[in-house]
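Just below is one structure, and these are the notes that go with it.
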Amino acid sequence: MPKLSVMIPVYNVEAYLRKCLDSVIYPELGDYEIVIVNDGSTDSSYDICREYAARYPQLIRLISTENGGLGKARDVGIDAAQGEYIIFVDSDDYLSANALPEMMDALGQDFEMCIFDIRSVNEDGKLLKYIPGCQRDGEFTLESYPELLFDMPSAWNKIYRRSLFTENSIYYPSRVWFEDMYVTPHLYAKAGKLLAIHKPWYNYLQRAGSITNSKNTQRNLEITPAVDAMLNAYRTEGLFDKYRTQLEYSAFYNQVLTSTTRVNLADWRSDVQDALYEDYLNKFPDYLKNPYVQGMSKKYKLIHFLIRHKLRLCLHTVMNLNNKIKGK
């Protein structure tokens, strides 16, 4: 049985797929497999997958399904994987040079989840932002570092022991935005030993059509059930009270600061902004007492002030100015 399964959901990414697949091909390495789940692609992506599977039959297993969305494709991969550990690679992203052999070396350490760093890049491969996966280094637990709940919940900058999913029946929802928030915080609650390695193994492509750049403001409301799922998972585990302060701020950061500003940048007149804030306020009416909210940076305090007082055009102006300064 392979030690590691690399899972790649594929849907209509013909322009990016070869770069993704090339980044995980190491025929000499051994002890790992690549599971490609073709999620009903209608472009040439399936043909590219077949080409690579024929070229590397000892490495690649290709599964085809009817289109069910990213979450469903990941779930198919989880159930099909044979490795003790799994990683996810979105098919428009790619791993850094020599990342996979380094990941295989890291498997010699005992952990249930390993978190690594991210390079946010444009289509030319230019670095836009370096994102630490975790603010800790080395071994830790959620109990020792509950602020882990503030770090990116992304599925693809982590190595998981596959049994975390299968033995706890934790799977991704289908056809929703923010599917990672349904799953990653729940996995934190189930995992014992965690490991942080500060190596930029993953390249996250920023391209038109992604959630980050989408103009579909209405779909940002899907953050609210995602946050609810996170909170309910901790209630189910009997851990809500223990981590309430961190959960409250995580929900605030993701639902209020991040999603509301995303909507504002796309359409500053949109009422979705108020709906997001009001829903959060219903969840946590006393959030202003939260020590993490009180200790926010001046930037976040300004954004919060503008959101709270419905100064939409001011927020729009501030965020656009901030992006211009950053060169976005």
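In the structure tokens, chains take letters A, B, ... by order of appearance, with residues numbered from 1 within each chain and ligands from 1 in the order shown.
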
Using backbone DSSP assignments, extract all strand (DSSP E) residues from region 39-123 of chain A; output them as a list in words.
->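 Checking each residue of region 39-123 of chain A, the strand (DSSP E) ones are Asp39, Ile60, Arg61, Leu62, Ile63, Ser64, Thr65, Tyr85, Ile86, Ile87, Phe88, Tyr94, Leu95, Met113, Cys114, Ile115, Phe116, Asp117, Ile118, Arg119, Ser120 and Val121 of chain A.
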
Per residue of region 170-254 of chain A within 12 Å of region 58-68 of chain A, which atom pair is closest and at what distance in Å (one decimal), using only C-alpha atoms, listed by chain and increasing number, as a Markdown table?
```
| residue | atom | partner | partner_atom | distance |
| --- | --- | --- | --- | --- |
| A:Tyr172 | CA | A:Gly68 | CA | 11.4 |
| A:Pro173 | CA | A:Gly68 | CA | 10.0 |
| A:Ser174 | CA | A:Gly68 | CA | 6.5 |
| A:Arg175 | CA | A:Gly68 | CA | 6.8 |
| A:Val176 | CA | A:Gly68 | CA | 10.5 |
```

Exercise: Arg235 (chain A) partners within 12 Å, only C-alpha atoms, chain neighbours under 6 positions left out, as an mmCIF file with N, CA, C and O atoms, in the first residue's frame:
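Output contents, as saved in around-v1.cif:
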```
data_model
loop_
_atom_site.group_PDB
_atom_site.id
_atom_site.type_symbol
_atom_site.label_atom_id
_atom_site.label_comp_id
_atom_site.auth_asym_id
_atom_site.auth_seq_id
_atom_site.Cartn_x
_atom_site.Cartn_y
_atom_site.Cartn_z
ATOM 1 N N HIS A 186 -13.253 21.049 11.762
ATOM 2 C CA HIS A 186 -13.709 19.800 12.380
ATOM 3 C C HIS A 186 -12.555 18.811 12.493
ATOM 4 O O HIS A 186 -12.401 18.113 13.502
ATOM 5 N N ALA A 189 -10.392 19.475 15.426
ATOM 6 C CA ALA A 189 -10.976 18.989 16.684
ATOM 7 C C ALA A 189 -10.732 17.497 16.873
ATOM 8 O O ALA A 189 -10.681 17.012 18.011
ATOM 9 N N ASP A 228 -21.786 28.218 10.379
ATOM 10 C CA ASP A 228 -22.678 27.427 11.243
ATOM 11 C C ASP A 228 -22.182 25.989 11.369
ATOM 12 O O ASP A 228 -22.236 25.400 12.464
ATOM 13 N N ALA A 229 -21.708 25.431 10.262
ATOM 14 C CA ALA A 229 -21.208 24.053 10.295
ATOM 15 C C ALA A 229 -19.994 23.937 11.201
ATOM 16 O O ALA A 229 -19.855 22.961 11.953
ATOM 17 N N ASP A 241 -17.641 25.476 24.180
ATOM 18 C CA ASP A 241 -17.331 26.391 25.279
ATOM 19 C C ASP A 241 -15.827 26.561 25.457
ATOM 20 O O ASP A 241 -15.347 27.660 25.753
ATOM 21 N N LYS A 242 -15.089 25.477 25.267
ATOM 22 C CA LYS A 242 -13.635 25.531 25.427
ATOM 23 C C LYS A 242 -13.000 26.485 24.426
ATOM 24 O O LYS A 242 -12.045 27.200 24.759
ATOM 25 N N TYR A 243 -13.520 26.480 23.200
ATOM 26 C CA TYR A 243 -12.915 27.282 22.141
ATOM 27 C C TYR A 243 -13.833 28.414 21.669
ATOM 28 O O TYR A 243 -13.639 28.954 20.582
ATOM 29 N N ARG A 244 -14.787 28.787 22.485
ATOM 30 C CA ARG A 244 -15.767 29.795 22.067
ATOM 31 C C ARG A 244 -15.104 31.105 21.628
ATOM 32 O O ARG A 244 -15.482 31.686 20.607
ATOM 33 N N LEU A 247 -13.531 30.557 18.226
ATOM 34 C CA LEU A 247 -14.563 30.331 17.215
ATOM 35 C C LEU A 247 -15.289 31.629 16.882
ATOM 36 O O LEU A 247 -15.594 31.907 15.712
#
```

If we count only C-alpha atoms, what is near Leu257 (chain A) at a cut-off of 10 Å, once residues fewer than 6 positions away on the same chain are taken out, given as a list in words?
->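 After dropping sequence-adjacent residues, the list is Ala251, Leu276, Tyr277, Tyr300, Lys301, Ile303, His304 and Ile307 of chain A.
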
What is the CA of Glu123 (chain A) to CA of Asn98 (chain A) distance in Å?
->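 Taking CA of Glu123 (chain A) and CA of Asn98 (chain A), their separation equals 20.3 Å.
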
Residue contacts of Phe140 (chain A) (7 Å, only C-alpha atoms) excluding same-chain residues fewer than 6 positions away, as a VMD selection string | chain A and resid 193 to 195

So, counting only C-alpha atoms, which residue among A:Trp201, A:Tyr145, A:Tyr171, A:Phe88 is closest to Ile131 (chain A)?
->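 Looking at the shortest contact to Ile131 (chain A), the residue is A:Trp201.
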
Nearest-residue call for Ala97 (chain A), choices A:Asn203, A:Asn168, A:Ser5, A:Asn38, using only C-alpha atoms =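 Result for the nearest residue to Ala97 (chain A): A:Asn203.
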
Hey, what's within 9 Å of Pro9 (chain A) if we count only C-alpha atoms and toss same-chain stuff fewer than 6 positions away? As a VMD selection string, please?
-> chain A and resid 35 to 39 70 to 71 73 to 74 77 88 to 91

Preceding selection exported with C-alpha atoms as an mmCIF file, in the first residue's frame:
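The file below, result-v7.cif, is the result:
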```cif
data_model
loop_
_atom_site.group_PDB
_atom_site.id
_atom_site.type_symbol
_atom_site.label_atom_id
_atom_site.label_comp_id
_atom_site.auth_asym_id
_atom_site.auth_seq_id
_atom_site.Cartn_x
_atom_site.Cartn_y
_atom_site.Cartn_z
ATOM 1 C CA VAL A 35 -5.634 9.719 -7.776
ATOM 2 C CA ILE A 36 -7.224 11.928 -10.435
ATOM 3 C CA VAL A 37 -10.982 12.412 -10.218
ATOM 4 C CA ASN A 38 -12.318 13.780 -13.490
ATOM 5 C CA ASP A 39 -15.484 15.577 -12.412
ATOM 6 C CA LEU A 70 -15.246 20.065 -6.054
ATOM 7 C CA GLY A 71 -16.438 18.713 -2.710
ATOM 8 C CA ALA A 73 -14.819 14.955 -6.317
ATOM 9 C CA ARG A 74 -12.644 15.198 -3.209
ATOM 10 C CA GLY A 77 -10.867 10.587 -3.983
ATOM 11 C CA PHE A 88 -5.256 17.590 -2.130
ATOM 12 C CA VAL A 89 -4.016 19.540 -5.126
ATOM 13 C CA ASP A 90 -6.533 21.652 -7.030
ATOM 14 C CA SER A 91 -5.981 21.141 -10.735
#
```

May I have the residues within 9 Å of Leu313 (chain A) as JSON, numbers by chain, using only C-alpha atoms and disregarding those fewer than 2 positions away in the same chain?
-> {"A": [264, 268, 269, 310, 311, 315, 316, 317, 318]}

Could you state the separation of CA of Asn322 (chain A) and CA of Thr260 (chain A) in Å, given to one decimal place?
->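 We find that CA of Asn322 (chain A) and CA of Thr260 (chain A) lie 15.6 Å from each other.
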
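The interatomic distance for the pair CA of Ala54 (chain A) and CA of Val24 (chain A) works out to 15.5 Å.
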
Pick from A:Leu127, A:Val13, A:Asp117, A:Thr224 nearest to Thr42 (chain A), counting only C-alpha atoms | A:Val13

With only C-alpha atoms as the basis for distance, which of A:Pro153, A:Tyr253, A:Glu84, A:Asp75 is at the shortest distance from Met296 (chain A)?
->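 Of all the options, A:Tyr253 lies closest to Met296 (chain A).
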
Would you please work out which residue, of A:Leu205, A:Leu302, A:Ala99, A:Val227, is nearest to Asp124 (chain A) when using only C-alpha atoms?
-> A:Leu205
